[in-house]
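A.B. asks: The following file, protein02.csv, comprises CSV, C-alpha atoms:
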chain,number,residue,atom,x,y,z
A,1290,MET,CA,8.5,13.7,-10.0
A,1291,SER,CA,6.9,17.0,-9.0
A,1292,GLY,CA,3.7,15.9,-10.6
A,1293,HIS,CA,3.5,13.0,-8.2
A,1294,ASN,CA,3.9,15.3,-5.3
A,1295,LYS,CA,1.1,17.6,-6.5
A,1296,TRP,CA,-1.1,14.6,-6.8
A,1297,SER,CA,-0.2,13.5,-3.3
A,1298,THR,CA,-1.2,17.0,-2.1
A,1299,ILE,CA,-4.5,16.9,-3.9
A,1300,LYS,CA,-5.2,13.5,-2.3
A,1301,ARG,CA,-4.5,14.8,1.1
A,1302,LYS,CA,-6.8,17.7,0.6
A,1303,LYS,CA,-9.6,15.4,-0.5
A,1304,GLY,CA,-8.9,13.2,2.5
A,1305,ALA,CA,-8.2,10.1,0.4
A,1306,ALA,CA,-4.7,9.7,1.8
A,1307,ASP,CA,-6.2,9.2,5.3
A,1308,ALA,CA,-8.9,6.8,4.2
A,1309,LYS,CA,-8.5,4.3,7.1
A,1310,ARG,CA,-6.5,5.1,10.2
A,1311,GLY,CA,-6.2,1.4,11.2
A,1312,GLN,CA,-5.0,0.5,7.7
A,1313,MET,CA,-2.4,3.3,7.8
A,1314,PHE,CA,-1.1,1.9,11.1
A,1315,THR,CA,-0.9,-1.6,9.6
A,1316,LYS,CA,1.3,-0.3,6.8
A,1317,LEU,CA,3.5,1.7,9.1
A,1318,ALA,CA,3.9,-1.3,11.5
A,1319,ARG,CA,5.0,-3.5,8.6
A,1320,GLU,CA,7.5,-0.9,7.4
A,1321,ILE,CA,9.0,-0.7,10.9
A,1322,ALA,CA,9.2,-4.5,11.2
A,1323,MET,CA,10.9,-4.8,7.9
A,1324,ALA,CA,13.4,-2.1,8.8
A,1325,ALA,CA,14.2,-3.7,12.2
A,1326,ARG,CA,14.5,-7.1,10.6
A,1327,GLU,CA,17.1,-5.9,8.1
A,1328,GLY,CA,19.1,-3.6,10.3
A,1329,GLY,CA,18.3,-4.3,13.9
A,1330,GLY,CA,16.3,-2.5,16.5
A,1331,ASP,CA,18.7,0.3,17.3
A,1332,MET,CA,17.5,3.6,15.7
A,1333,ASP,CA,20.9,5.2,16.2
A,1334,SER,CA,22.6,2.7,13.9
A,1335,ASN,CA,19.6,1.7,11.7
A,1336,PHE,CA,18.7,4.7,9.7
A,1337,ARG,CA,15.9,3.1,7.8
A,1338,LEU,CA,14.2,2.2,11.1
A,1339,ARG,CA,14.6,5.7,12.4
A,1340,LEU,CA,12.8,7.0,9.3
A,1341,ALA,CA,10.0,4.5,9.7
A,1342,VAL,CA,9.5,5.3,13.4
A,1343,ASP,CA,9.6,9.1,12.7
A,1344,LYS,CA,6.9,8.6,10.0
A,1345,ALA,CA,4.8,6.6,12.4
A,1346,ARG,CA,5.1,9.2,15.2
A,1347,ALA,CA,4.1,11.9,12.7
A,1348,GLN,CA,0.9,10.0,12.2
A,1349,ASN,CA,0.3,9.7,15.9
A,1350,MET,CA,0.8,5.9,16.0
A,1351,PRO,CA,0.7,4.7,19.6
A,1352,LYS,CA,4.1,4.1,21.2
A,1353,ASP,CA,3.3,0.5,22.2
A,1354,SER,CA,2.3,-0.3,18.6
A,1355,ILE,CA,5.7,1.0,17.4
A,1356,GLU,CA,7.5,-1.0,20.0
A,1357,ARG,CA,5.6,-4.2,19.1
A,1358,ALA,CA,6.5,-3.6,15.4
A,1359,VAL,CA,10.2,-3.3,16.3
A,1360,LYS,CA,10.2,-6.4,18.4
A,1361,ARG,CA,8.4,-8.3,15.6
A,1362,GLY,CA,11.1,-7.3,13.2
A,1363,THR,CA,14.0,-8.2,15.5
A,1364,GLY,CA,12.4,-11.6,16.4
A,1365,GLU,CA,11.8,-10.7,20.1
A,1366,ASN,CA,8.0,-11.0,19.5
A,1367,LYS,CA,7.8,-14.5,18.2
A,1368,ASP,CA,4.2,-14.6,16.7
A,1369,GLY,CA,5.1,-17.0,13.9
A,1370,VAL,CA,4.4,-14.4,11.2
A,1371,VAL,CA,7.1,-13.8,8.6
A,1372,ILE,CA,6.7,-10.7,6.5
A,1373,GLU,CA,8.3,-10.5,3.1
A,1374,GLN,CA,9.1,-7.5,0.9
A,1375,ILE,CA,8.1,-8.4,-2.7
A,1376,PHE,CA,8.0,-6.2,-5.8
A,1377,TYR,CA,5.3,-7.1,-8.3
A,1378,GLU,CA,5.2,-5.8,-11.9
A,1379,GLY,CA,2.2,-5.0,-14.1
A,1380,TYR,CA,0.3,-2.5,-16.2
A,1381,ALA,CA,-2.3,0.0,-15.4
A,1382,PRO,CA,-4.9,1.0,-18.0
A,1383,ASN,CA,-3.5,2.5,-21.2
A,1384,GLY,CA,-0.2,0.6,-20.9
A,1385,ILE,CA,1.2,2.5,-18.0
A,1386,ALA,CA,4.0,0.5,-16.3
A,1387,LEU,CA,3.7,-0.3,-12.6
A,1388,ILE,CA,6.0,-1.6,-9.9
A,1389,ILE,CA,4.1,-2.4,-6.7
A,1390,GLU,CA,6.1,-2.8,-3.5
A,1391,CYS,CA,4.4,-5.1,-1.0
A,1392,TYR,CA,5.1,-6.2,2.6
A,1393,THR,CA,3.1,-9.4,3.0
A,1394,GLU,CA,2.9,-12.6,5.0
A,1395,ASN,CA,0.7,-14.3,2.4
A,1396,ARG,CA,2.0,-14.1,-1.2
A,1397,ASN,CA,-1.0,-16.0,-2.6
A,1398,ARG,CA,-3.5,-13.5,-1.2
A,1399,THR,CA,-1.5,-10.5,-2.3
A,1400,VAL,CA,-1.1,-11.7,-5.9
A,1401,ALA,CA,-4.8,-12.6,-6.1
A,1402,ASP,CA,-5.8,-9.2,-4.8
A,1403,LEU,CA,-3.5,-7.3,-7.2
A,1404,ARG,CA,-4.6,-9.4,-10.2
A,1405,HIS,CA,-8.2,-8.8,-9.4
A,1406,LEU,CA,-7.8,-5.0,-9.1
A,1407,LEU,CA,-5.6,-4.6,-12.2
A,1408,THR,CA,-8.0,-6.7,-14.3
A,1409,LYS,CA,-11.0,-4.8,-13.0
A,1410,SER,CA,-9.4,-1.5,-14.0
A,1411,GLY,CA,-8.3,-2.6,-17.5
A,1412,GLY,CA,-4.7,-3.4,-16.6
A,1413,SER,CA,-2.8,-6.7,-16.0
A,1414,MET,CA,-0.2,-8.4,-14.0
A,1415,GLY,CA,3.2,-8.7,-15.6
A,1416,GLU,CA,6.0,-11.3,-15.4
A,1417,ALA,CA,9.1,-10.6,-13.3
A,1418,GLY,CA,11.3,-8.2,-15.3
A,1419,SER,CA,8.5,-7.2,-17.7
A,1420,VAL,CA,8.6,-3.5,-16.6
A,1421,ALA,CA,11.5,-3.3,-14.1
A,1422,TRP,CA,13.9,-2.3,-16.9
A,1423,GLN,CA,11.9,1.0,-17.3
A,1424,PHE,CA,12.8,2.0,-13.7
A,1425,THR,CA,16.0,2.8,-11.7
A,1426,ARG,CA,16.2,2.4,-7.9
A,1427,ALA,CA,17.3,5.6,-6.3
A,1428,ALA,CA,17.6,7.5,-3.1
A,1429,TYR,CA,14.7,10.1,-2.9
A,1430,PHE,CA,14.0,13.0,-0.5
A,1431,SER,CA,11.3,15.7,-0.6
A,1432,PHE,CA,10.5,18.5,1.9
A,1433,PRO,CA,8.9,22.0,1.9
A,1434,ALA,CA,11.0,24.8,0.5
A,1435,GLU,CA,9.8,27.3,3.0
A,1436,GLY,CA,12.6,28.5,5.3
A,1437,VAL,CA,15.2,26.5,3.4
A,1438,GLU,CA,18.1,28.0,1.5
A,1439,PHE,CA,17.9,26.1,-1.8
A,1440,ASP,CA,21.4,27.0,-2.9
A,1441,LYS,CA,22.9,25.5,0.2
A,1442,VAL,CA,20.9,22.3,-0.2
A,1443,PHE,CA,21.8,22.1,-3.9
A,1444,GLU,CA,25.5,22.5,-3.1
A,1445,MET,CA,25.4,19.9,-0.4
A,1446,ALA,CA,23.5,17.4,-2.7
A,1447,VAL,CA,26.0,17.9,-5.6
A,1448,ASP,CA,29.0,17.5,-3.3
A,1449,ILE,CA,27.6,14.1,-2.1
A,1450,GLY,CA,26.9,12.9,-5.6
A,1451,ALA,CA,23.1,13.4,-6.1
A,1452,ASP,CA,21.8,13.2,-9.7
A,1453,ASP,CA,19.2,15.9,-9.3
A,1454,CYS,CA,18.1,18.6,-6.8
A,1455,SER,CA,15.2,20.8,-7.8
A,1456,SER,CA,12.7,23.2,-6.4
A,1457,GLU,CA,9.1,23.5,-7.7
A,1458,ASP,CA,5.8,24.4,-6.2
A,1459,ASP,CA,7.3,25.1,-2.8
A,1460,VAL,CA,8.8,21.6,-2.6
A,1461,ILE,CA,12.5,20.6,-2.9
A,1462,GLU,CA,13.3,17.2,-4.2
A,1463,ILE,CA,16.7,15.4,-4.2
A,1464,VAL,CA,17.3,12.2,-6.2
A,1465,GLY,CA,20.6,10.3,-6.1
A,1466,PRO,CA,22.3,6.9,-6.4
A,1467,VAL,CA,21.2,4.4,-3.7
A,1468,GLU,CA,24.6,4.5,-2.1
A,1469,THR,CA,24.2,8.3,-1.3
A,1470,PHE,CA,21.0,7.7,0.8
A,1471,LYS,CA,22.6,7.8,4.2
A,1472,SER,CA,25.0,10.6,3.5
A,1473,LEU,CA,22.2,12.8,2.1
A,1474,SER,CA,20.0,12.0,5.0
A,1475,ASP,CA,22.7,12.7,7.6
A,1476,SER,CA,23.5,16.0,5.9
A,1477,LEU,CA,19.9,17.1,5.8
A,1478,ASN,CA,19.6,16.2,9.4
A,1479,LYS,CA,22.6,18.4,10.2
A,1480,MET,CA,21.0,21.3,8.3
A,1481,GLY,CA,17.9,20.9,10.5
A,1482,ILE,CA,15.7,19.6,7.6
A,1483,ARG,CA,13.2,16.8,8.2
A,1484,PRO,CA,12.1,15.3,4.9
A,1485,GLU,CA,8.4,14.6,4.4
A,1486,GLU,CA,9.4,11.7,2.2
A,1487,ALA,CA,12.7,9.8,2.3
A,1488,GLY,CA,13.5,6.4,1.1
A,1489,LEU,CA,14.6,4.2,-1.8
A,1490,ARG,CA,12.2,4.6,-4.7
A,1491,MET,CA,11.8,3.1,-8.2
A,1492,MET,CA,12.2,6.1,-10.5
A,1493,PRO,CA,10.9,5.9,-14.1
A,1494,ASN,CA,13.6,6.3,-16.8
A,1495,GLN,CA,11.1,7.9,-19.1
A,1496,GLU,CA,7.5,9.1,-18.3
A,1497,THR,CA,4.4,8.7,-20.5
A,1498,GLU,CA,1.8,11.5,-20.7
A,1499,LEU,CA,-1.8,10.7,-21.4
A,1500,GLY,CA,-5.0,12.6,-22.0
A,1501,ILE,CA,-7.0,13.9,-19.0
A,1502,GLU,CA,-9.5,11.1,-18.9
A,1503,GLU,CA,-6.9,8.4,-19.4
A,1504,THR,CA,-4.7,10.0,-16.6
A,1505,GLN,CA,-7.7,9.9,-14.2
A,1506,GLN,CA,-8.4,6.3,-15.2
A,1507,VAL,CA,-4.8,5.3,-14.3
A,1508,LEU,CA,-4.8,7.3,-11.0
A,1509,ARG,CA,-8.1,5.6,-9.9
A,1510,ALA,CA,-6.5,2.2,-10.5
A,1511,ILE,CA,-3.4,3.2,-8.6
A,1512,GLU,CA,-5.5,4.5,-5.7
A,1513,ALA,CA,-7.4,1.3,-5.5
A,1514,ILE,CA,-4.1,-0.7,-5.4
A,1515,GLU,CA,-2.7,1.6,-2.7
A,1516,GLU,CA,-5.7,0.8,-0.5
A,1517,LEU,CA,-4.7,-2.8,-0.2
A,1518,ASP,CA,-3.2,-3.6,3.3
A,1519,ASP,CA,-0.2,-5.4,1.7
A,1520,VAL,CA,0.8,-2.6,-0.6
A,1521,GLN,CA,3.4,-0.1,0.6
A,1522,GLN,CA,4.2,1.9,-2.6
A,1523,VAL,CA,3.1,2.0,-6.2
A,1524,TYR,CA,5.5,3.4,-8.7
A,1525,SER,CA,4.5,4.3,-12.3
A,1526,ASN,CA,5.9,5.9,-15.4
A,1527,LEU,CA,2.8,8.1,-15.7
A,1528,LYS,CA,3.5,11.8,-16.3
A,1529,ILE,CA,0.7,14.0,-14.9
A,1530,SER,CA,0.3,17.0,-17.2
A,1531,GLU,CA,-0.6,20.5,-15.9
A,1532,GLU,CA,-4.0,20.2,-17.6
A,1533,ALA,CA,-4.7,16.9,-15.8
A,1534,MET,CA,-3.5,18.3,-12.5
A,1535,GLU,CA,-6.0,21.2,-12.8
A,1536,ALA,CA,-8.8,18.8,-13.6
A,1537,LEU,CA,-7.9,16.7,-10.6
A,1538,SER,CA,-7.8,19.6,-8.2
Can you turn what I pasted into structure tokens?

C.D. replies:
Amino acid sequence: MSGHNKWSTIKRKKGAADAKRGQMFTKLAREIAMAAREGGGDMDSNFRLRLAVDKARAQNMPKDSIERAVKRGTGENKDGVVIEQIFYEGYAPNGIALIIECYTENRNRTVADLRHLLTKSGGSMGEAGSVAWQFTRAAYFSFPAEGVEFDKVFEMAVDIGADDCSSEDDVIEIVGPVETFKSLSDSLNKMGIRPEEAGLRMMPNQETELGIEETQQVLRAIEAIEELDDVQQVYSNLKISEEAMEALS
């Protein structure tokens, strides 16, 4: 997964990750609303909500916007809009498998937008289950290695039951079964570590490496999909080689 973190870093340096501030707030608000709807509006008892709000605060999202999103999720703000979490499956160019996580109040619009972008890029939409078997849902955390004792983090992660804990390019990553998510998060919090990324992710069982041009083609398609308001996350089985990484940076 470190290749994906490197790519995220490159995008931030290029400014691509902060393309539209308003769009970013829209995605954050939907994430907060979904978390509040599933686990209630109390951040002390709803860990997913706490993470979503922390992420929004880190991006300087206004306090009243955060509160509105929470109320929308709990039903206190009855605006008649129902947001659904939906996973779509498909293929990027060169046969790379994609799972696209969306929060939407209009399925028809979301499907039409995704189909248009995938077809335009040389990919295609897939049927439910067509690529899901190539991924496993897992708890995922990543944070800077600076100032952190890796051995202590590794020992904690193993004790809790994580599948992997690694350090590469100044970033520590932890991957574990879904049921370890809260325990890992609580332990990191006790250690004074605030993850830059934390959540349940679709992890590829095997990754596919392509040539430099083909990798760039796939990443351009993924970036275009990520810019859609309804899209929260795009997961792929693309392995980004060191050569491709150098070319991208």

A.B. asks: Could you state the separation of CA of Gly1415 (chain A) and CA of Asn1395 (chain A) in Å, given to one decimal place?

C.D. replies: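 A separation of 19.0 Å between them.
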
A.B. asks: Smallest atom-to-atom distance to Arg1404 (chain A): which of A:Ala1428, A:Val1507, A:Ile1389, A:Ile1463, using all atoms listed in the file?

C.D. replies: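 With all atoms listed in the file as the atom set, the closest residue is A:Ile1389.
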
A.B. asks: List as a PyMOL selection string the protein and nucleic acid residues near Ser1476 (chain A), meaning an atom at most 12 Å away when only C-alpha atoms are counted, but skip any in the same chain fewer than 3 places from it.

C.D. replies: chain A and resi 1430+1441-1449+1469-1473+1479-1484

A.B. asks: Output the selection as an mmCIF file, in the coordinates of the input - C-alpha atoms for each residue.

C.D. replies:
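The resulting file, result32.cif, is shown below:
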data_model
loop_
_atom_site.group_PDB
_atom_site.id
_atom_site.type_symbol
_atom_site.label_atom_id
_atom_site.label_comp_id
_atom_site.auth_asym_id
_atom_site.auth_seq_id
_atom_site.Cartn_x
_atom_site.Cartn_y
_atom_site.Cartn_z
ATOM 1 C CA PHE A 1430 14.000 13.000 -0.500
ATOM 2 C CA LYS A 1441 22.900 25.500 0.200
ATOM 3 C CA VAL A 1442 20.900 22.300 -0.200
ATOM 4 C CA PHE A 1443 21.800 22.100 -3.900
ATOM 5 C CA GLU A 1444 25.500 22.500 -3.100
ATOM 6 C CA MET A 1445 25.400 19.900 -0.400
ATOM 7 C CA ALA A 1446 23.500 17.400 -2.700
ATOM 8 C CA VAL A 1447 26.000 17.900 -5.600
ATOM 9 C CA ASP A 1448 29.000 17.500 -3.300
ATOM 10 C CA ILE A 1449 27.600 14.100 -2.100
ATOM 11 C CA THR A 1469 24.200 8.300 -1.300
ATOM 12 C CA PHE A 1470 21.000 7.700 0.800
ATOM 13 C CA LYS A 1471 22.600 7.800 4.200
ATOM 14 C CA SER A 1472 25.000 10.600 3.500
ATOM 15 C CA LEU A 1473 22.200 12.800 2.100
ATOM 16 C CA LYS A 1479 22.600 18.400 10.200
ATOM 17 C CA MET A 1480 21.000 21.300 8.300
ATOM 18 C CA GLY A 1481 17.900 20.900 10.500
ATOM 19 C CA ILE A 1482 15.700 19.600 7.600
ATOM 20 C CA ARG A 1483 13.200 16.800 8.200
ATOM 21 C CA PRO A 1484 12.100 15.300 4.900
#

A.B. asks: What is the CA of Glu1496 (chain A) to CA of Ile1511 (chain A) distance in Å?

C.D. replies: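 So the two atoms, CA of Glu1496 (chain A) and CA of Ile1511 (chain A), lie 15.7 Å apart.
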
A.B. asks: Compare A:Ala1487, A:Ile1501, A:Ala1421, A:Cys1454 by their minimum atom-to-atom distance to Leu1387 (chain A), counting only C-alpha atoms, and give me the closest one.

C.D. replies: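 Residue with the minimum atom-to-atom distance to Leu1387 (chain A): A:Ala1421.
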
A.B. asks: Which value, in Å to one decimal, gives the distance between CA of Met1332 (chain A) and CA of Asp1518 (chain A)?

C.D. replies: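 One can read the CA of Met1332 (chain A) to CA of Asp1518 (chain A) distance as 25.2 Å.
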
A.B. asks: Can you tell me which residues surround Val1520 (chain A) at a distance of at most 9 Å, considering only C-alpha atoms, apart from same-chain residues fewer than 2 positions away, and format the answer as an MDAnalysis selection string?

C.D. replies: chainID A and resid 1316 1389:1393 1399 1514:1518 1522:1523

A.B. asks: So that I can check the surroundings of region 1348-1357 of chain A, please list as a list in words every protein, DNA and RNA residue that reaches within 10 Å of it, counting only C-alpha atoms and ignoring chain neighbours fewer than 2 positions away.

C.D. replies: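 Final neighbour list, sorted by chain and number: Asp1307, Arg1310, Gly1311, Met1313, Phe1314, Thr1315, Leu1317, Ala1318, Arg1319, Ile1321, Ala1322, Gly1330, Ala1341, Val1342, Asp1343, Lys1344, Ala1345, Arg1346, Val1359, Lys1360, Arg1361, Gly1362, Thr1363, Glu1365 and Asn1366 of chain A.
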
A.B. asks: Using all atoms listed in the file, find the one residue out of A:Leu1403, A:Met1414, A:Val1420, A:Ala1533 that sits nearest to Gly1500 (chain A).

C.D. replies: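 Closest to Gly1500 (chain A) of all the choices is A:Ala1533.
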
A.B. asks: Given only C-alpha atoms as the basis, pick out the residue of A:Phe1439, A:Glu1502, A:Phe1432, A:Ser1334 nearest to Ala1536 (chain A).

C.D. replies: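 Residue with the minimum atom-to-atom distance to Ala1536 (chain A): A:Glu1502.
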
A.B. asks: Taking all atoms listed in the file into account, which of A:Ser1413, A:Ser1530, A:Ser1431, A:Gln1312 comes nearest Glu1503 (chain A)?

C.D. replies: A:Ser1530

A.B. asks: Return the single residue from A:Val1437, A:Pro1382, A:Ile1372, A:Ala1347 that is closest to Ala1325 (chain A), with distances computed using all atoms listed in the file.

C.D. replies: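 Nearest candidate to Ala1325 (chain A) out of A:Val1437, A:Pro1382, A:Ile1372, A:Ala1347: A:Ile1372.
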
A.B. asks: Hey, could you patch up region 1430-1446 of chain A with N, CA and C atoms and hand it over as a PDB file, in the frame of the given file?

C.D. replies:
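What ended up in out.pdb:
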ATOM      1  N   PHE A1430      14.371  12.165  -1.652  1.00  0.00           N
ATOM      2  CA  PHE A1430      14.000  13.000  -0.500  1.00  0.00           C
ATOM      3  C   PHE A1430      13.103  14.150  -1.046  1.00  0.00           C
ATOM      4  N   SER A1431      12.082  14.511  -0.287  1.00  0.00           N
ATOM      5  CA  SER A1431      11.300  15.700  -0.600  1.00  0.00           C
ATOM      6  C   SER A1431      10.906  16.398   0.685  1.00  0.00           C
ATOM      7  N   PHE A1432      10.886  17.740   0.656  1.00  0.00           N
ATOM      8  CA  PHE A1432      10.500  18.500   1.900  1.00  0.00           C
ATOM      9  C   PHE A1432      10.125  19.918   1.432  1.00  0.00           C
ATOM     10  N   PRO A1433       9.354  20.619   2.281  1.00  0.00           N
ATOM     11  CA  PRO A1433       8.900  22.000   1.900  1.00  0.00           C
ATOM     12  C   PRO A1433      10.087  22.919   1.767  1.00  0.00           C
ATOM     13  N   ALA A1434       9.964  23.806   0.785  1.00  0.00           N
ATOM     14  CA  ALA A1434      11.000  24.800   0.500  1.00  0.00           C
ATOM     15  C   ALA A1434      11.027  25.941   1.457  1.00  0.00           C
ATOM     16  N   GLU A1435       9.928  26.145   2.149  1.00  0.00           N
ATOM     17  CA  GLU A1435       9.800  27.300   3.000  1.00  0.00           C
ATOM     18  C   GLU A1435      10.855  27.282   4.141  1.00  0.00           C
ATOM     19  N   GLY A1436      11.562  28.388   4.274  1.00  0.00           N
ATOM     20  CA  GLY A1436      12.600  28.500   5.300  1.00  0.00           C
ATOM     21  C   GLY A1436      13.873  27.795   5.027  1.00  0.00           C
ATOM     22  N   VAL A1437      14.008  27.255   3.814  1.00  0.00           N
ATOM     23  CA  VAL A1437      15.200  26.500   3.400  1.00  0.00           C
ATOM     24  C   VAL A1437      15.969  27.271   2.352  1.00  0.00           C
ATOM     25  N   GLU A1438      17.292  27.387   2.518  1.00  0.00           N
ATOM     26  CA  GLU A1438      18.100  28.000   1.500  1.00  0.00           C
ATOM     27  C   GLU A1438      18.434  26.988   0.407  1.00  0.00           C
ATOM     28  N   PHE A1439      17.743  27.104  -0.731  1.00  0.00           N
ATOM     29  CA  PHE A1439      17.900  26.100  -1.800  1.00  0.00           C
ATOM     30  C   PHE A1439      19.335  25.962  -2.250  1.00  0.00           C
ATOM     31  N   ASP A1440      20.037  27.086  -2.408  1.00  0.00           N
ATOM     32  CA  ASP A1440      21.400  27.000  -2.900  1.00  0.00           C
ATOM     33  C   ASP A1440      22.311  26.182  -2.021  1.00  0.00           C
ATOM     34  N   LYS A1441      22.100  26.279  -0.693  1.00  0.00           N
ATOM     35  CA  LYS A1441      22.900  25.500   0.200  1.00  0.00           C
ATOM     36  C   LYS A1441      22.575  23.991   0.100  1.00  0.00           C
ATOM     37  N   VAL A1442      21.274  23.695  -0.035  1.00  0.00           N
ATOM     38  CA  VAL A1442      20.900  22.300  -0.200  1.00  0.00           C
ATOM     39  C   VAL A1442      21.414  21.756  -1.516  1.00  0.00           C
ATOM     40  N   PHE A1443      21.319  22.553  -2.579  1.00  0.00           N
ATOM     41  CA  PHE A1443      21.800  22.100  -3.900  1.00  0.00           C
ATOM     42  C   PHE A1443      23.311  21.836  -3.837  1.00  0.00           C
ATOM     43  N   GLU A1444      24.068  22.728  -3.216  1.00  0.00           N
ATOM     44  CA  GLU A1444      25.500  22.500  -3.100  1.00  0.00           C
ATOM     45  C   GLU A1444      25.851  21.277  -2.326  1.00  0.00           C
ATOM     46  N   MET A1445      25.139  21.061  -1.219  1.00  0.00           N
ATOM     47  CA  MET A1445      25.400  19.900  -0.400  1.00  0.00           C
ATOM     48  C   MET A1445      25.068  18.607  -1.239  1.00  0.00           C
ATOM     49  N   ALA A1446      23.926  18.594  -1.938  1.00  0.00           N
ATOM     50  CA  ALA A1446      23.500  17.400  -2.700  1.00  0.00           C
ATOM     51  C   ALA A1446      24.518  17.102  -3.816  1.00  0.00           C
TER      52      ALA A1446
END
